[in-house]
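Pasted below: protein_12.pdb, PDB, C-alpha atoms.
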```
ATOM      1  CA  MET M 108      88.875  70.560 146.319
ATOM      2  CA  GLU M 109      86.048  69.562 148.639
ATOM      3  CA  CYS M 110      86.191  65.969 147.360
ATOM      4  CA  PHE M 111      89.898  65.797 148.248
ATOM      5  CA  GLN M 112      89.260  67.136 151.746
ATOM      6  CA  GLU M 113      86.445  64.651 152.277
ATOM      7  CA  ALA M 114      88.697  61.796 151.134
ATOM      8  CA  VAL M 115      91.385  62.844 153.616
ATOM      9  CA  ILE M 116      88.867  63.160 156.445
ATOM     10  CA  HIS M 117      87.350  59.759 155.640
ATOM     11  CA  ARG M 118      90.703  57.899 155.543
ATOM     12  CA  ARG M 119      91.104  55.846 158.721
ATOM     13  CA  THR M 120      92.897  52.795 160.122
ATOM     14  CA  ASN M 121      90.841  49.611 159.672
ATOM     15  CA  TYR M 122      91.895  46.333 161.277
ATOM     16  CA  ALA M 123      88.887  44.091 160.535
ATOM     17  CA  LEU M 124      89.547  43.065 156.933
ATOM     18  CA  GLY M 125      88.363  40.347 154.576
ATOM     19  CA  LYS M 126      89.073  39.086 151.076
ATOM     20  CA  ASN M 127      85.814  39.970 149.265
ATOM     21  CA  ILE M 128      86.927  43.335 147.926
ATOM     22  CA  PRO M 129      84.466  45.666 146.121
ATOM     23  CA  VAL M 130      86.859  46.505 143.254
ATOM     24  CA  LEU M 131      88.850  44.621 140.642
ATOM     25  CA  PRO M 132      92.505  43.828 141.429
ATOM     26  CA  SER M 133      93.420  45.645 138.209
ATOM     27  CA  GLN M 134      91.902  48.834 139.630
ATOM     28  CA  ILE M 135      94.140  48.545 142.697
ATOM     29  CA  VAL M 136      97.195  47.999 140.493
ATOM     30  CA  ALA M 137      96.299  51.049 138.391
ATOM     31  CA  ALA M 138      95.813  53.235 141.482
ATOM     32  CA  VAL M 139      99.094  52.158 143.078
ATOM     33  CA  GLU M 140     101.005  52.710 139.834
ATOM     34  CA  ARG M 141      99.400  56.113 139.279
ATOM     35  CA  MET M 142     100.148  57.361 142.792
ATOM     36  CA  THR M 143     103.719  56.034 142.687
ATOM     37  CA  LYS M 144     104.291  57.927 139.450
ATOM     38  CA  GLU M 145     102.645  61.206 140.472
ATOM     39  CA  VAL M 146     103.466  61.765 144.164
ATOM     40  CA  PRO M 147     106.296  64.334 144.319
ATOM     41  CA  SER M 148     109.757  63.962 145.837
ATOM     42  CA  ALA M 149     112.500  66.465 146.645
ATOM     43  CA  PHE M 150     114.773  67.155 143.646
ATOM     44  CA  ASN M 151     112.550  64.673 141.775
ATOM     45  CA  MET M 152     114.574  61.943 143.525
ATOM     46  CA  GLN M 153     111.897  59.234 142.992
ATOM     47  CA  SER M 154     113.564  56.917 145.513
ATOM     48  CA  ALA M 155     110.364  55.204 146.691
ATOM     49  CA  ARG M 156     109.804  51.637 145.513
ATOM     50  CA  VAL M 157     106.638  49.555 145.903
ATOM     51  CA  VAL M 158     105.828  45.850 145.874
ATOM     52  CA  LEU M 159     102.102  45.059 145.568
ATOM     53  CA  ALA M 160     101.496  41.569 146.972
ATOM     54  CA  MET M 161      98.143  39.824 146.484
ATOM     55  CA  GLY M 162      96.956  36.231 146.712
ATOM     56  CA  GLU M 163      99.625  33.771 147.835
ATOM     57  CA  HIS M 164     102.218  36.571 147.833
ATOM     58  CA  HIS M 165     100.197  38.516 150.413
ATOM     59  CA  ASP M 166      99.926  35.329 152.494
ATOM     60  CA  LYS M 167     103.686  34.852 152.254
ATOM     61  CA  VAL M 168     104.380  38.299 153.737
ATOM     62  CA  TRP M 169     102.478  37.361 156.875
ATOM     63  CA  ASP M 170     103.893  33.810 157.004
ATOM     64  CA  ILE M 171     107.370  35.362 156.986
ATOM     65  CA  THR M 172     106.374  37.840 159.681
ATOM     66  CA  LYS M 173     104.803  35.141 161.843
ATOM     67  CA  GLU M 174     107.796  32.798 161.643
ATOM     68  CA  THR M 175     110.226  35.676 162.255
ATOM     69  CA  LEU M 176     108.385  36.813 165.368
ATOM     70  CA  ARG M 177     107.892  33.245 166.608
ATOM     71  CA  LYS M 178     111.687  33.114 167.074
ATOM     72  CA  ILE M 179     111.847  36.225 169.244
ATOM     73  CA  VAL M 180     108.510  36.507 171.088
ATOM     74  CA  PRO M 181     108.277  34.339 174.245
ATOM     75  CA  ALA M 182     106.057  31.293 173.638
ATOM     76  CA  ASP M 183     103.634  32.252 176.413
ATOM     77  CA  LYS M 184     103.045  35.635 174.779
ATOM     78  CA  PHE M 185     102.981  34.536 171.152
ATOM     79  CA  GLY M 186      99.231  33.820 171.074
ATOM     80  CA  GLY M 187      98.339  37.520 171.005
ATOM     81  CA  THR M 188     100.977  38.235 168.391
ATOM     82  CA  GLU M 189      99.778  35.373 166.192
ATOM     83  CA  SER M 190      96.168  36.531 166.444
ATOM     84  CA  LYS M 191      97.163  40.026 165.353
ATOM     85  CA  LEU M 192      99.172  38.699 162.401
ATOM     86  CA  ASN M 193      96.308  36.417 161.368
ATOM     87  CA  GLY M 194      94.163  39.560 161.188
ATOM     88  CA  PHE M 195      96.548  41.080 158.672
ATOM     89  CA  ALA M 196      96.702  37.831 156.691
ATOM     90  CA  ALA M 197      92.882  37.861 156.510
ATOM     91  CA  GLY M 198      93.074  40.927 154.260
ATOM     92  CA  TYR M 199      93.312  40.838 150.478
ATOM     93  CA  GLY M 200      96.775  42.260 149.909
ATOM     94  CA  THR M 201      99.852  44.005 151.255
ATOM     95  CA  ILE M 202     101.758  46.910 149.782
ATOM     96  CA  LEU M 203     105.429  46.914 150.748
ATOM     97  CA  PHE M 204     107.078  50.326 150.692
ATOM     98  CA  PHE M 205     110.833  50.511 150.173
ATOM     99  CA  GLU M 206     113.509  53.193 149.818
ATOM    100  CA  GLU M 207     116.023  52.719 147.013
ATOM    101  CA  THR M 208     119.200  53.777 148.840
ATOM    102  CA  GLU M 209     121.395  54.088 145.746
ATOM    103  CA  SER M 210     119.108  56.834 144.437
ATOM    104  CA  VAL M 211     119.467  58.705 147.701
ATOM    105  CA  LYS M 212     123.244  58.245 147.681
ATOM    106  CA  ALA M 213     123.469  59.531 144.100
ATOM    107  CA  MET M 214     121.653  62.715 145.101
ATOM    108  CA  GLN M 215     123.914  63.137 148.128
ATOM    109  CA  ASP M 216     126.961  62.893 145.870
ATOM    110  CA  LYS M 217     125.492  65.259 143.278
ATOM    111  CA  PHE M 218     124.335  67.899 145.767
ATOM    112  CA  ALA M 219     126.898  67.605 148.558
ATOM    113  CA  PRO M 220     125.829  70.731 150.517
ATOM    114  CA  TYR M 221     122.424  69.077 151.094
ATOM    115  CA  ALA M 222     123.744  65.540 151.651
ATOM    116  CA  ASP M 223     122.457  65.178 155.207
ATOM    117  CA  ASN M 224     118.952  66.143 154.131
ATOM    118  CA  PHE M 225     118.377  63.645 151.335
ATOM    119  CA  PRO M 226     117.528  60.660 153.597
ATOM    120  CA  ILE M 227     115.048  62.912 155.438
ATOM    121  CA  TRP M 228     113.516  64.158 152.198
ATOM    122  CA  ALA M 229     113.306  60.583 150.871
ATOM    123  CA  SER M 230     111.463  59.522 154.011
ATOM    124  CA  GLN M 231     109.062  62.447 153.685
ATOM    125  CA  ALA M 232     108.318  61.570 150.046
ATOM    126  CA  ASN M 233     107.743  57.927 150.968
ATOM    127  CA  GLY M 234     105.328  59.043 153.680
ATOM    128  CA  MET M 235     103.437  61.172 151.154
ATOM    129  CA  LEU M 236     103.221  58.162 148.834
ATOM    130  CA  GLN M 237     101.914  55.964 151.637
ATOM    131  CA  PHE M 238      99.303  58.568 152.524
ATOM    132  CA  ALA M 239      98.229  59.037 148.908
ATOM    133  CA  ILE M 240      97.843  55.296 148.303
ATOM    134  CA  TRP M 241      96.080  54.810 151.638
ATOM    135  CA  THR M 242      93.610  57.600 150.820
ATOM    136  CA  ILE M 243      92.846  56.372 147.309
ATOM    137  CA  LEU M 244      92.342  52.770 148.522
ATOM    138  CA  ASP M 245      89.967  54.032 151.210
ATOM    139  CA  ASN M 246      88.142  56.051 148.551
ATOM    140  CA  MET M 247      87.721  52.808 146.578
ATOM    141  CA  GLY M 248      85.845  51.284 149.528
ATOM    142  CA  LEU M 249      88.713  49.250 150.954
ATOM    143  CA  GLY M 250      89.825  48.979 154.561
ATOM    144  CA  VAL M 251      93.503  49.771 155.168
ATOM    145  CA  ASN M 252      96.077  49.741 157.966
ATOM    146  CA  LEU M 253      99.804  50.463 158.062
ATOM    147  CA  GLN M 254     102.359  48.251 159.836
ATOM    148  CA  HIS M 255     106.095  48.428 160.574
ATOM    149  CA  TYR M 256     107.644  44.995 161.075
ATOM    150  CA  ASN M 257     110.804  46.154 159.347
ATOM    151  CA  PRO M 258     113.716  45.658 159.852
ATOM    152  CA  LEU M 259     112.865  42.273 161.441
ATOM    153  CA  ILE M 260     111.400  40.829 158.250
ATOM    154  CA  ASP M 261     113.562  42.661 155.693
ATOM    155  CA  GLU M 262     115.932  39.873 154.755
ATOM    156  CA  GLU M 263     113.290  37.205 154.120
ATOM    157  CA  VAL M 264     110.899  39.593 152.373
ATOM    158  CA  LYS M 265     113.609  40.884 150.057
ATOM    159  CA  LYS M 266     114.709  37.331 149.283
ATOM    160  CA  TYR M 267     111.162  36.167 148.499
ATOM    161  CA  PHE M 268     110.329  39.126 146.238
ATOM    162  CA  LYS M 269     113.813  39.170 144.677
ATOM    163  CA  VAL M 270     114.324  42.902 145.173
ATOM    164  CA  PRO M 271     117.778  44.512 145.015
ATOM    165  CA  ASP M 272     119.937  44.835 148.122
ATOM    166  CA  SER M 273     119.690  48.602 147.752
ATOM    167  CA  TRP M 274     115.966  48.514 148.594
ATOM    168  CA  THR M 275     115.243  49.119 152.292
ATOM    169  CA  LEU M 276     111.804  48.155 153.620
ATOM    170  CA  VAL M 277     110.066  50.987 155.477
ATOM    171  CA  ALA M 278     106.385  49.973 155.871
ATOM    172  CA  GLU M 279     103.754  47.331 155.151
ATOM    173  CA  MET M 280     100.254  48.475 154.162
ATOM    174  CA  VAL M 281      97.498  45.872 154.507
ATOM    175  CA  PHE M 282      94.229  46.296 152.609
ATOM    176  CA  GLY M 283      91.068  44.320 152.063
ATOM    177  CA  GLU M 284      87.314  44.142 152.413
ATOM    178  CA  LEU M 285      86.122  46.586 155.076
ATOM    179  CA  LEU M 286      84.351  44.463 157.705
ATOM    180  CA  GLU M 287      83.964  47.064 160.483
ATOM    181  CA  PRO M 288      84.117  50.855 160.502
ATOM    182  CA  ALA M 289      87.030  52.427 162.337
ATOM    183  CA  LYS M 290      86.485  53.394 165.964
ATOM    184  CA  PRO M 291      86.485  57.106 166.851
ATOM    185  CA  ILE M 292      89.819  58.582 167.923
ATOM    186  CA  ASP M 293      90.630  61.606 170.041
ATOM    187  CA  LYS M 294      92.057  64.676 168.351
ATOM    188  CA  LEU M 295      93.937  67.483 170.056
ATOM    189  CA  PRO M 296      92.339  70.928 169.895
ATOM    190  CA  ILE M 297      93.404  72.380 166.555
ATOM    191  CA  GLU M 298      94.544  75.582 168.294
ATOM    192  CA  GLU M 299      97.347  73.564 169.895
ATOM    193  CA  ARG M 300      98.629  72.443 166.506
ATOM    194  CA  VAL M 301      98.053  75.323 164.114
ATOM    195  CA  LYS M 302      99.017  78.962 164.687
ATOM    196  CA  VAL M 303      97.620  81.491 162.226
ATOM    197  CA  PHE M 304      99.065  84.973 161.673
ATOM    198  CA  ARG M 305      97.031  87.364 159.487
TER     199      ARG M 305
END
```
What is this structure when it is put down as structure tokens?
Amino acid sequence: MECFQEAVIHRRTNYALGKNIPVLPSQIVAAVERMTKEVPSAFNMQSARVVLAMGEHHDKVWDITKETLRKIVPADKFGGTESKLNGFAAGYGTILFFEETESVKAMQDKFAPYADNFPIWASQANGMLQFAIWTILDNMGLGVNLQHYNPLIDEEVKKYFKVPDSWTLVAEMVFGELLEPAKPIDKLPIEERVKVFR
């Protein structure tokens, strides 16, 4: 129990990433597969889908993102955007998180009284999966950050990875060699966030 709490406390956002990771790629694959299988979902919906992109496939994610944003960010402001994207590309890999919308729709049809809630519950389950994978990658000594360039990059990403139309991109998790520790962040007093009644 204490190990789990320590892992959660230690998990942070890391932007300075490199490619010399301290684990084997096969260990990352195994961890991602294990978490995707075991993280729960409402009604056992299992609507989350994951694409694990490493090597040239990781590079392609950020090439797509860069060329997509180049078309919409003013030229005089693109330098900062490009620098940020190059930082993500400098990592070792990207995990793309999707929602499989047909699974959600099937549950809405099957349990009509709860239909409005299934997209919310799917999103919650996907968030739990993201958190679980993020925490286990951090525990493996990797640096991790989470991005949201969807829906801007959806079409090109889905085309490149040949995923079904029913998959909707919801987040992009970058990971790699941890080059710098995360900077401290402010936290609200816990009394403002948790009320206890005994």
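One finds CA of Ala160 in chain M at 5.6 Å from CA of Gly200 in chain M.
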Specify as a ChimeraX atom specification each residue included when the PyMOL selection byres ((chain M and resi 264-280) around 9) is applied to this file. /M:155-156,158,164,167-168,171-172,200-210,230,233,237,241,251-258,260-263,281-282
Explicit residue set for the PyMOL selection byres ((chain M and resi 115) around 10), as a ChimeraX atom specification: /M:109-114,116-119,238-239,241-243,245-246
May I have the residues from that selection written out with C-alpha atoms, as a PDB file, in the coordinates of the input?
```pdb
ATOM      1  CA  GLU M 109      86.048  69.562 148.639  1.00  0.00           C
ATOM      2  CA  CYS M 110      86.191  65.969 147.360  1.00  0.00           C
ATOM      3  CA  PHE M 111      89.898  65.797 148.248  1.00  0.00           C
ATOM      4  CA  GLN M 112      89.260  67.136 151.746  1.00  0.00           C
ATOM      5  CA  GLU M 113      86.445  64.651 152.277  1.00  0.00           C
ATOM      6  CA  ALA M 114      88.697  61.796 151.134  1.00  0.00           C
ATOM      7  CA  ILE M 116      88.867  63.160 156.445  1.00  0.00           C
ATOM      8  CA  HIS M 117      87.350  59.759 155.640  1.00  0.00           C
ATOM      9  CA  ARG M 118      90.703  57.899 155.543  1.00  0.00           C
ATOM     10  CA  ARG M 119      91.104  55.846 158.721  1.00  0.00           C
ATOM     11  CA  PHE M 238      99.303  58.568 152.524  1.00  0.00           C
ATOM     12  CA  ALA M 239      98.229  59.037 148.908  1.00  0.00           C
ATOM     13  CA  TRP M 241      96.080  54.810 151.638  1.00  0.00           C
ATOM     14  CA  THR M 242      93.610  57.600 150.820  1.00  0.00           C
ATOM     15  CA  ILE M 243      92.846  56.372 147.309  1.00  0.00           C
ATOM     16  CA  ASP M 245      89.967  54.032 151.210  1.00  0.00           C
ATOM     17  CA  ASN M 246      88.142  56.051 148.551  1.00  0.00           C
TER      18      ASN M 246
END
```
Which of these, M:Val303, M:Met214, M:Leu192, M:Met235, has the shortest distance to Met142 in chain M once you count only C-alpha atoms? M:Met235
May I have the protein, DNA and RNA residues with an atom at most 6 Å from (100.2, 38.6, 156.3), counting all atoms listed in the file in the file's coordinates, returned as a list in words? His165, Asp166, Val168, Trp169, Phe195 and Ala196 of chain M
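The residue that comes closest to Leu131 in chain M, out of M:Phe185, M:Tyr199, M:Trp228, M:Phe150 and on the basis of only C-alpha atoms, is M:Tyr199.
With CA of Val211 in chain M on one side and CA of Gln231 in chain M on the other, the separation reads 12.6 Å.
Picked out by the PyMOL selection byres ((chain M and resi 291) around 12) when it runs on this file: His117, Arg119, Thr120, Asn121, Pro288, Ala289, Lys290, Ile292, Asp293 and Lys294 of chain M.
When all atoms listed in the file are used to compute distances to Gly162 in chain M, the closest of the residues M:Gly250, M:Ala197, M:Ala182, M:Lys212 turns out to be M:Ala197.
Atom pair CA of Ala232 in chain M / CA of Ile135 in chain M has a distance of 20.6 Å (rounded to one decimal).
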Within-10 Å shell of (87.7, 41.1, 151.5) in input frame, all atoms listed in the file, as a ChimeraX atom specification: /M:123-130,197-200,249-250,282-286
Is it possible to get the axis-aligned box enclosing range 275-287 of chain M (all listed atoms, 8 Å extra per side) as AutoDock Vina command-line options, with centre and edge lengths in Å rounded to one decimal?
```
--center_x 99.6 --center_y 47.6 --center_z 156.3 --size_x 47.3 --size_y 22.8 --size_z 24.4
```
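Closest to Tyr221 in chain M among M:Leu244, M:Val136, M:Ala149, M:Leu259 is M:Ala149, based on only C-alpha atoms.
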Nearest candidate to Ser154 in chain M (options M:Val180, M:Ile240, M:Met247, M:Ala213; using only C-alpha atoms): M:Ala213
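Distances from M:Asn193, M:Ala222, M:Ala229, M:Glu298 to Met152 in chain M were compared using all atoms listed in the file, and the smallest one belongs to M:Ala229.
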Is it possible to add N, CA and C atoms to range 137-172 of chain M and hand it back as a tab-separated table (two decimals), in the coordinates of the input?
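Okay, this is what ended up in selection_38.tsv:
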```tsv
chain	number	residue	atom	x	y	z
M	137	ALA	N	96.27	49.76	139.10
M	137	ALA	CA	96.30	51.05	138.39
M	137	ALA	C	96.45	52.22	139.36
M	138	ALA	N	95.75	52.16	140.49
M	138	ALA	CA	95.81	53.24	141.48
M	138	ALA	C	97.20	53.32	142.11
M	139	VAL	N	97.76	52.17	142.46
M	139	VAL	CA	99.09	52.16	143.08
M	139	VAL	C	100.14	52.68	142.09
M	140	GLU	N	100.05	52.24	140.85
M	140	GLU	CA	101.00	52.71	139.83
M	140	GLU	C	100.87	54.21	139.60
M	141	ARG	N	99.63	54.69	139.54
M	141	ARG	CA	99.40	56.11	139.28
M	141	ARG	C	99.95	56.98	140.41
M	142	MET	N	99.67	56.59	141.65
M	142	MET	CA	100.15	57.36	142.79
M	142	MET	C	101.67	57.32	142.89
M	143	THR	N	102.26	56.16	142.62
M	143	THR	CA	103.72	56.03	142.69
M	143	THR	C	104.38	56.93	141.65
M	144	LYS	N	103.75	57.06	140.50
M	144	LYS	CA	104.29	57.93	139.45
M	144	LYS	C	104.13	59.41	139.78
M	145	GLU	N	103.00	59.79	140.38
M	145	GLU	CA	102.64	61.21	140.47
M	145	GLU	C	102.99	61.88	141.80
M	146	VAL	N	103.15	61.12	142.88
M	146	VAL	CA	103.47	61.76	144.16
M	146	VAL	C	104.87	62.38	144.08
M	147	PRO	N	105.01	63.64	144.50
M	147	PRO	CA	106.30	64.33	144.32
M	147	PRO	C	107.38	63.88	145.30
M	148	SER	N	108.62	64.21	144.95
M	148	SER	CA	109.76	63.96	145.84
M	148	SER	C	110.76	65.09	145.66
M	149	ALA	N	111.53	65.38	146.70
M	149	ALA	CA	112.50	66.46	146.65
M	149	ALA	C	113.52	66.22	145.53
M	150	PHE	N	113.82	67.25	144.76
M	150	PHE	CA	114.77	67.16	143.65
M	150	PHE	C	114.36	66.08	142.63
M	151	ASN	N	113.06	65.73	142.65
M	151	ASN	CA	112.55	64.67	141.78
M	151	ASN	C	113.36	63.38	141.94
M	152	MET	N	113.70	63.08	143.20
M	152	MET	CA	114.57	61.94	143.52
M	152	MET	C	113.94	60.59	143.16
M	153	GLN	N	112.64	60.46	143.34
M	153	GLN	CA	111.90	59.23	142.99
M	153	GLN	C	112.55	57.98	143.58
M	154	SER	N	112.88	58.04	144.87
M	154	SER	CA	113.56	56.92	145.51
M	154	SER	C	112.62	55.88	146.09
M	155	ALA	N	111.32	56.18	146.15
M	155	ALA	CA	110.36	55.20	146.69
M	155	ALA	C	110.18	54.04	145.73
M	156	ARG	N	110.08	52.85	146.28
M	156	ARG	CA	109.80	51.64	145.51
M	156	ARG	C	108.65	50.90	146.19
M	157	VAL	N	107.84	50.21	145.39
M	157	VAL	CA	106.64	49.56	145.90
M	157	VAL	C	106.54	48.13	145.38
M	158	VAL	N	106.18	47.21	146.27
M	158	VAL	CA	105.83	45.85	145.87
M	158	VAL	C	104.37	45.64	146.28
M	159	LEU	N	103.53	45.31	145.32
M	159	LEU	CA	102.10	45.06	145.57
M	159	LEU	C	101.89	43.55	145.59
M	160	ALA	N	101.63	43.01	146.78
M	160	ALA	CA	101.50	41.57	146.97
M	160	ALA	C	100.04	41.19	147.21
M	161	MET	N	99.52	40.32	146.33
M	161	MET	CA	98.14	39.82	146.48
M	161	MET	C	98.16	38.30	146.40
M	162	GLY	N	97.05	37.69	146.77
M	162	GLY	CA	96.96	36.23	146.71
M	162	GLY	C	97.99	35.56	147.59
M	163	GLU	N	98.64	34.53	147.05
M	163	GLU	CA	99.62	33.77	147.84
M	163	GLU	C	100.82	34.63	148.25
M	164	HIS	N	101.09	35.70	147.51
M	164	HIS	CA	102.22	36.57	147.83
M	164	HIS	C	101.91	37.41	149.08
M	165	HIS	N	100.66	37.85	149.19
M	165	HIS	CA	100.20	38.52	150.41
M	165	HIS	C	100.32	37.56	151.60
M	166	ASP	N	99.84	36.33	151.41
M	166	ASP	CA	99.93	35.33	152.49
M	166	ASP	C	101.37	35.12	152.92
M	167	LYS	N	102.28	35.10	151.96
M	167	LYS	CA	103.69	34.85	152.25
M	167	LYS	C	104.28	35.94	153.14
M	168	VAL	N	103.88	37.20	152.90
M	168	VAL	CA	104.38	38.30	153.74
M	168	VAL	C	104.09	38.01	155.20
M	169	TRP	N	102.88	37.56	155.48
M	169	TRP	CA	102.48	37.36	156.88
M	169	TRP	C	102.97	36.03	157.42
M	170	ASP	N	103.21	35.04	156.57
M	170	ASP	CA	103.89	33.81	157.00
M	170	ASP	C	105.32	34.14	157.45
M	171	ILE	N	106.00	34.95	156.65
M	171	ILE	CA	107.37	35.36	156.99
M	171	ILE	C	107.37	36.12	158.32
M	172	THR	N	106.44	37.04	158.46
M	172	THR	CA	106.37	37.84	159.68
M	172	THR	C	106.09	36.96	160.90
```
